[in-house]
Amino acid sequence: MVFLAAQVLPGDVGRRVLGPFADQASVDALNKQLGTDRPLITQYWDWISSFVTGDLGESIRNRPVSDVLFDPMVSSGKLALLAFVIVVPLAIAGGVVAAMNEGSFRDRLISVGGLSATAIPEFVWAVFFILIFALGLGLFPTTAQFPDGSSVFTQLKYLLLPSLCLVCVLFGYIARMARAGTIEALDADYTRTAILKGLPQRTVIRRHVLRNSLLPTIAVVATQAGYLIGGLVIIEVIFNYNGIGQTLARAATQKDIPVLQSGVLLVGIVYLVATLIADILYSVLNPRVRLGAAE
C-alpha cells in the first residue's frame, strides 16, 4: 500500500535528484539507472525479494538503505525508550491510585486529567513545553538533536522535553486501562479471600491485585510501541530530531521509495515484535493461558 501510494505522489525521481534545470535526457538516464522507469510490479518484486534476504537496496542518493535507516532507528529508539521508562510506571501507579480511591477527587483528577492530556495533540504539547521550559525558563534546549559524542546525561537533557510530550499523550490511555484492571482485581474473590486471611493491604496489592490488573495494561503498552517508533513525525520535526519519523517524511517528499517502504516495513516488524513480547508476558503473568495452551 505504501509503495502504491508513493507512486501517485507528484514529481519525478530523476528530476528531484538532478534539479529543475537538468535536461530531460539526463533525467531519463538517471531514472533508467535507478530503475524507476520499469513497470511498478517489477520494481516491487525486485524490492521485496531482496528485502527478505536482508538487502534493503539503494537510496536514490546512492547510499545503502540500511545505512540511511540505521541511525534514525537508533535515535527514535532512544526517544521511545525514555518515554516508555517515564510513562509506563507513572501511568500504572496513577491507575492503581485512582482505582484504590474510586469515586474520590483523586480518582477524578487522575482520570479526567489523563484523558484531557491525551486529547491534546502532541504538537500542542511540544509548542507549550518549548515556550515555557526552553524559551521562557531556559531549562532545556529547543532542539532534541544532541551533539555527537554527548554523554548520557546530556542526551537525556535534550530528549526530556519531546519525551514529556509523548508521556502526556500516552498517560491517560494506559492509566485508564490500569485503573479498570485494578478495580476488577479488587472485586475478585481471590482478593477478598486474601484480605479475610489477614494479609496486609500492601501485600494484597502487590501479590494479588497488581499481578492480575496489569494483564490488560500490558497489551495496551505493546500497541503503543509502533506509534512511538513510527508515529513521531511531528515531534521529530518540531524538535529537529533526526529520527525514523522525520526520515520517512523526508523520503516521502523526495520520492525515495526504497527508503520509504523499507522504513515502514521495519516499523511494522518492530510493532509485531512488541506485540509478541506482550503475548509472552501475558502468558507468564496469567497461568490460565499457559494451562490452556498445554491442554
# chains A, B, ... in the order shown; residues from 1 in each chain; ligands from 1
$ residues_around --residues "range 230-247 of chain A" --least-positions-apart "5" --cutoff "9 Å" --atoms "only C-alpha atoms" --output "ChimeraX atom specification"
/A:68-77,79-80,122-123,126-127,130,142-146,161-162,165-166,225,252,259-260,263-264,267-268
$ select_by_dssp --residues "range 117-272 of chain A" --states "helix (DSSP H, G or I)" --output "VMD selection string"
chain A and resid 117 to 119 122 to 136 152 to 186 189 to 196 201 to 230 233 to 238 244 to 253 257 to 272
$ atom_distance --atom1 "CA of Leu82 in chain A" --atom2 "CA of Asp107 in chain A"
26.5 Å
$ closest_residue --among "A:Pro216, A:Ser50, A:Ala222, A:Gln254" --to "Val270 in chain A" --atoms "only C-alpha atoms"
A:Ala222
$ residues_around --residues "range 90-93 of chain A" --least-positions-apart "5" --cutoff "8 Å" --atoms "only C-alpha atoms" --output "list in words"
Phe171, Gly172, Ile174, Ala175, Ala178 and Arg179 of chain A
$ write_last_selection --atoms "C-alpha atoms" --output "mmCIF file, in the first residue's frame"
data_model
loop_
_atom_site.group_PDB
_atom_site.id
_atom_site.type_symbol
_atom_site.label_atom_id
_atom_site.label_comp_id
_atom_site.auth_asym_id
_atom_site.auth_seq_id
_atom_site.Cartn_x
_atom_site.Cartn_y
_atom_site.Cartn_z
ATOM 1 C CA PHE A 171 -0.573 8.644 30.077
ATOM 2 C CA GLY A 172 -4.372 8.836 30.068
ATOM 3 C CA ILE A 174 -2.551 3.497 29.898
ATOM 4 C CA ALA A 175 -3.701 4.830 33.281
ATOM 5 C CA ALA A 178 -4.609 0.115 34.676
ATOM 6 C CA ARG A 179 -7.460 1.639 36.690
#
$ decode --residues "range 58-202 of chain A" --atoms "C-alpha atoms" --output "PDB file, in the first residue's frame"
ATOM      1  CA  GLU A  58      19.922   1.572  -2.606  1.00  0.00           C
ATOM      2  CA  SER A  59      18.546   5.005  -1.845  1.00  0.00           C
ATOM      3  CA  ILE A  60      18.125   7.460  -4.683  1.00  0.00           C
ATOM      4  CA  ARG A  61      21.063   9.280  -3.074  1.00  0.00           C
ATOM      5  CA  ASN A  62      23.282   6.274  -3.899  1.00  0.00           C
ATOM      6  CA  ARG A  63      23.530   5.168  -0.279  1.00  0.00           C
ATOM      7  CA  PRO A  64      22.522   1.764   1.074  1.00  0.00           C
ATOM      8  CA  VAL A  65      19.061   1.974   2.594  1.00  0.00           C
ATOM      9  CA  SER A  66      20.305   0.142   5.673  1.00  0.00           C
ATOM     10  CA  ASP A  67      22.818   2.947   6.297  1.00  0.00           C
ATOM     11  CA  VAL A  68      20.123   5.595   5.806  1.00  0.00           C
ATOM     12  CA  LEU A  69      17.742   3.949   8.283  1.00  0.00           C
ATOM     13  CA  PHE A  70      20.109   2.649  10.969  1.00  0.00           C
ATOM     14  CA  ASP A  71      20.954   5.892  12.772  1.00  0.00           C
ATOM     15  CA  PRO A  72      17.366   7.249  12.681  1.00  0.00           C
ATOM     16  CA  MET A  73      16.052   3.945  14.054  1.00  0.00           C
ATOM     17  CA  VAL A  74      18.546   4.105  16.921  1.00  0.00           C
ATOM     18  CA  SER A  75      17.659   7.757  17.589  1.00  0.00           C
ATOM     19  CA  SER A  76      13.924   7.053  17.652  1.00  0.00           C
ATOM     20  CA  GLY A  77      14.598   4.029  19.842  1.00  0.00           C
ATOM     21  CA  LYS A  78      16.296   6.261  22.413  1.00  0.00           C
ATOM     22  CA  LEU A  79      13.407   8.712  22.426  1.00  0.00           C
ATOM     23  CA  ALA A  80      10.802   5.951  22.612  1.00  0.00           C
ATOM     24  CA  LEU A  81      12.680   4.131  25.389  1.00  0.00           C
ATOM     25  CA  LEU A  82      12.901   7.272  27.524  1.00  0.00           C
ATOM     26  CA  ALA A  83       9.187   7.966  27.016  1.00  0.00           C
ATOM     27  CA  PHE A  84       8.371   4.350  27.947  1.00  0.00           C
ATOM     28  CA  VAL A  85      10.536   4.447  31.069  1.00  0.00           C
ATOM     29  CA  ILE A  86       8.676   7.548  32.237  1.00  0.00           C
ATOM     30  CA  VAL A  87       5.088   6.857  31.195  1.00  0.00           C
ATOM     31  CA  VAL A  88       4.648   3.151  31.980  1.00  0.00           C
ATOM     32  CA  PRO A  89       5.374   3.201  35.742  1.00  0.00           C
ATOM     33  CA  LEU A  90       3.794   6.648  36.089  1.00  0.00           C
ATOM     34  CA  ALA A  91       0.571   5.634  34.327  1.00  0.00           C
ATOM     35  CA  ILE A  92       0.310   2.294  36.141  1.00  0.00           C
ATOM     36  CA  ALA A  93       0.843   3.988  39.503  1.00  0.00           C
ATOM     37  CA  GLY A  94      -1.737   6.627  38.600  1.00  0.00           C
ATOM     38  CA  GLY A  95      -4.259   3.995  37.528  1.00  0.00           C
ATOM     39  CA  VAL A  96      -3.772   1.991  40.741  1.00  0.00           C
ATOM     40  CA  VAL A  97      -4.115   5.090  42.923  1.00  0.00           C
ATOM     41  CA  ALA A  98      -7.287   6.095  41.053  1.00  0.00           C
ATOM     42  CA  ALA A  99      -8.752   2.613  41.483  1.00  0.00           C
ATOM     43  CA  MET A 100      -7.895   2.492  45.169  1.00  0.00           C
ATOM     44  CA  ASN A 101      -9.755   5.784  45.602  1.00  0.00           C
ATOM     45  CA  GLU A 102     -12.606   5.093  43.181  1.00  0.00           C
ATOM     46  CA  GLY A 103     -15.128   7.931  43.038  1.00  0.00           C
ATOM     47  CA  SER A 104     -12.962  10.348  45.025  1.00  0.00           C
ATOM     48  CA  PHE A 105     -11.491  13.648  43.915  1.00  0.00           C
ATOM     49  CA  ARG A 106      -8.122  11.950  43.408  1.00  0.00           C
ATOM     50  CA  ASP A 107      -9.734   9.416  41.076  1.00  0.00           C
ATOM     51  CA  ARG A 108     -11.455  12.102  39.027  1.00  0.00           C
ATOM     52  CA  LEU A 109      -8.306  14.202  38.893  1.00  0.00           C
ATOM     53  CA  ILE A 110      -6.198  11.338  37.506  1.00  0.00           C
ATOM     54  CA  SER A 111      -8.876  10.001  35.136  1.00  0.00           C
ATOM     55  CA  VAL A 112     -10.173  13.287  33.738  1.00  0.00           C
ATOM     56  CA  GLY A 113      -6.753  14.938  33.752  1.00  0.00           C
ATOM     57  CA  GLY A 114      -5.146  11.980  31.980  1.00  0.00           C
ATOM     58  CA  LEU A 115      -7.826  11.765  29.308  1.00  0.00           C
ATOM     59  CA  SER A 116      -7.725  15.539  28.797  1.00  0.00           C
ATOM     60  CA  ALA A 117      -3.951  15.363  28.292  1.00  0.00           C
ATOM     61  CA  THR A 118      -4.425  12.515  25.806  1.00  0.00           C
ATOM     62  CA  ALA A 119      -6.956  14.553  23.831  1.00  0.00           C
ATOM     63  CA  ILE A 120      -4.434  17.351  23.248  1.00  0.00           C
ATOM     64  CA  PRO A 121      -2.249  16.640  20.177  1.00  0.00           C
ATOM     65  CA  GLU A 122       1.437  16.085  20.748  1.00  0.00           C
ATOM     66  CA  PHE A 123       2.432  19.118  18.676  1.00  0.00           C
ATOM     67  CA  VAL A 124       0.448  21.364  21.028  1.00  0.00           C
ATOM     68  CA  TRP A 125       2.301  19.916  23.998  1.00  0.00           C
ATOM     69  CA  ALA A 126       5.564  20.396  22.093  1.00  0.00           C
ATOM     70  CA  VAL A 127       4.922  24.084  21.455  1.00  0.00           C
ATOM     71  CA  PHE A 128       3.772  24.578  25.056  1.00  0.00           C
ATOM     72  CA  PHE A 129       6.850  22.915  26.556  1.00  0.00           C
ATOM     73  CA  ILE A 130       9.220  24.790  24.242  1.00  0.00           C
ATOM     74  CA  LEU A 131       7.649  28.161  25.111  1.00  0.00           C
ATOM     75  CA  ILE A 132       7.643  27.529  28.864  1.00  0.00           C
ATOM     76  CA  PHE A 133      10.664  25.386  29.663  1.00  0.00           C
ATOM     77  CA  ALA A 134      13.024  26.166  26.767  1.00  0.00           C
ATOM     78  CA  LEU A 135      12.405  29.771  25.746  1.00  0.00           C
ATOM     79  CA  GLY A 136      10.818  31.020  28.971  1.00  0.00           C
ATOM     80  CA  LEU A 137      12.804  29.374  31.757  1.00  0.00           C
ATOM     81  CA  GLY A 138      15.789  28.281  29.678  1.00  0.00           C
ATOM     82  CA  LEU A 139      15.963  24.902  31.422  1.00  0.00           C
ATOM     83  CA  PHE A 140      16.123  22.784  28.264  1.00  0.00           C
ATOM     84  CA  PRO A 141      17.310  23.258  24.668  1.00  0.00           C
ATOM     85  CA  THR A 142      14.739  23.917  21.953  1.00  0.00           C
ATOM     86  CA  THR A 143      16.048  21.021  19.881  1.00  0.00           C
ATOM     87  CA  ALA A 144      16.297  17.329  20.666  1.00  0.00           C
ATOM     88  CA  GLN A 145      19.299  16.786  18.390  1.00  0.00           C
ATOM     89  CA  PHE A 146      22.173  16.454  20.849  1.00  0.00           C
ATOM     90  CA  PRO A 147      25.796  16.981  19.708  1.00  0.00           C
ATOM     91  CA  ASP A 148      27.811  13.970  18.605  1.00  0.00           C
ATOM     92  CA  GLY A 149      29.712  12.326  21.419  1.00  0.00           C
ATOM     93  CA  SER A 150      27.384  13.673  24.115  1.00  0.00           C
ATOM     94  CA  SER A 151      27.282  11.923  27.462  1.00  0.00           C
ATOM     95  CA  VAL A 152      24.218  10.015  28.627  1.00  0.00           C
ATOM     96  CA  PHE A 153      23.112  12.858  30.878  1.00  0.00           C
ATOM     97  CA  THR A 154      23.465  15.404  28.068  1.00  0.00           C
ATOM     98  CA  GLN A 155      21.374  13.204  25.783  1.00  0.00           C
ATOM     99  CA  LEU A 156      18.721  12.902  28.491  1.00  0.00           C
ATOM    100  CA  LYS A 157      18.596  16.690  28.804  1.00  0.00           C
ATOM    101  CA  TYR A 158      17.986  17.064  25.068  1.00  0.00           C
ATOM    102  CA  LEU A 159      15.425  14.246  24.880  1.00  0.00           C
ATOM    103  CA  LEU A 160      13.402  15.019  28.004  1.00  0.00           C
ATOM    104  CA  LEU A 161      11.061  17.645  26.532  1.00  0.00           C
ATOM    105  CA  PRO A 162       9.990  15.604  23.475  1.00  0.00           C
ATOM    106  CA  SER A 163       9.624  12.572  25.747  1.00  0.00           C
ATOM    107  CA  LEU A 164       7.295  14.507  28.039  1.00  0.00           C
ATOM    108  CA  CYS A 165       5.126  15.375  25.034  1.00  0.00           C
ATOM    109  CA  LEU A 166       4.697  11.672  24.359  1.00  0.00           C
ATOM    110  CA  VAL A 167       4.102  10.961  28.047  1.00  0.00           C
ATOM    111  CA  CYS A 168       1.243  13.464  28.125  1.00  0.00           C
ATOM    112  CA  VAL A 169      -0.391  11.817  25.112  1.00  0.00           C
ATOM    113  CA  LEU A 170       0.017   8.223  26.344  1.00  0.00           C
ATOM    114  CA  PHE A 171      -0.573   8.644  30.077  1.00  0.00           C
ATOM    115  CA  GLY A 172      -4.372   8.836  30.068  1.00  0.00           C
ATOM    116  CA  TYR A 173      -4.958   5.726  27.964  1.00  0.00           C
ATOM    117  CA  ILE A 174      -2.551   3.497  29.898  1.00  0.00           C
ATOM    118  CA  ALA A 175      -3.701   4.830  33.281  1.00  0.00           C
ATOM    119  CA  ARG A 176      -7.331   4.222  32.372  1.00  0.00           C
ATOM    120  CA  MET A 177      -6.618   0.597  31.482  1.00  0.00           C
ATOM    121  CA  ALA A 178      -4.609   0.115  34.676  1.00  0.00           C
ATOM    122  CA  ARG A 179      -7.460   1.639  36.690  1.00  0.00           C
ATOM    123  CA  ALA A 180     -10.064  -0.638  35.097  1.00  0.00           C
ATOM    124  CA  GLY A 181      -7.920  -3.729  35.638  1.00  0.00           C
ATOM    125  CA  THR A 182      -7.234  -2.791  39.263  1.00  0.00           C
ATOM    126  CA  ILE A 183     -10.918  -2.220  40.037  1.00  0.00           C
ATOM    127  CA  GLU A 184     -11.755  -5.610  38.544  1.00  0.00           C
ATOM    128  CA  ALA A 185      -8.979  -7.286  40.539  1.00  0.00           C
ATOM    129  CA  LEU A 186     -10.082  -5.580  43.772  1.00  0.00           C
ATOM    130  CA  ASP A 187     -13.590  -7.017  43.342  1.00  0.00           C
ATOM    131  CA  ALA A 188     -12.329 -10.549  42.613  1.00  0.00           C
ATOM    132  CA  ASP A 189     -12.833 -13.455  45.010  1.00  0.00           C
ATOM    133  CA  TYR A 190      -9.105 -14.086  45.460  1.00  0.00           C
ATOM    134  CA  THR A 191      -8.595 -10.516  46.679  1.00  0.00           C
ATOM    135  CA  ARG A 192     -11.393 -10.773  49.237  1.00  0.00           C
ATOM    136  CA  THR A 193     -10.023 -14.128  50.382  1.00  0.00           C
ATOM    137  CA  ALA A 194      -6.550 -12.645  50.871  1.00  0.00           C
ATOM    138  CA  ILE A 195      -7.998  -9.777  52.885  1.00  0.00           C
ATOM    139  CA  LEU A 196     -10.043 -12.155  55.043  1.00  0.00           C
ATOM    140  CA  LYS A 197      -6.878 -14.151  55.758  1.00  0.00           C
ATOM    141  CA  GLY A 198      -5.486 -11.030  57.384  1.00  0.00           C
ATOM    142  CA  LEU A 199      -2.797 -10.195  54.839  1.00  0.00           C
ATOM    143  CA  PRO A 200      -1.606  -6.565  54.925  1.00  0.00           C
ATOM    144  CA  GLN A 201      -3.102  -4.314  52.257  1.00  0.00           C
ATOM    145  CA  ARG A 202       0.290  -3.653  50.709  1.00  0.00           C
TER     146      ARG A 202
END
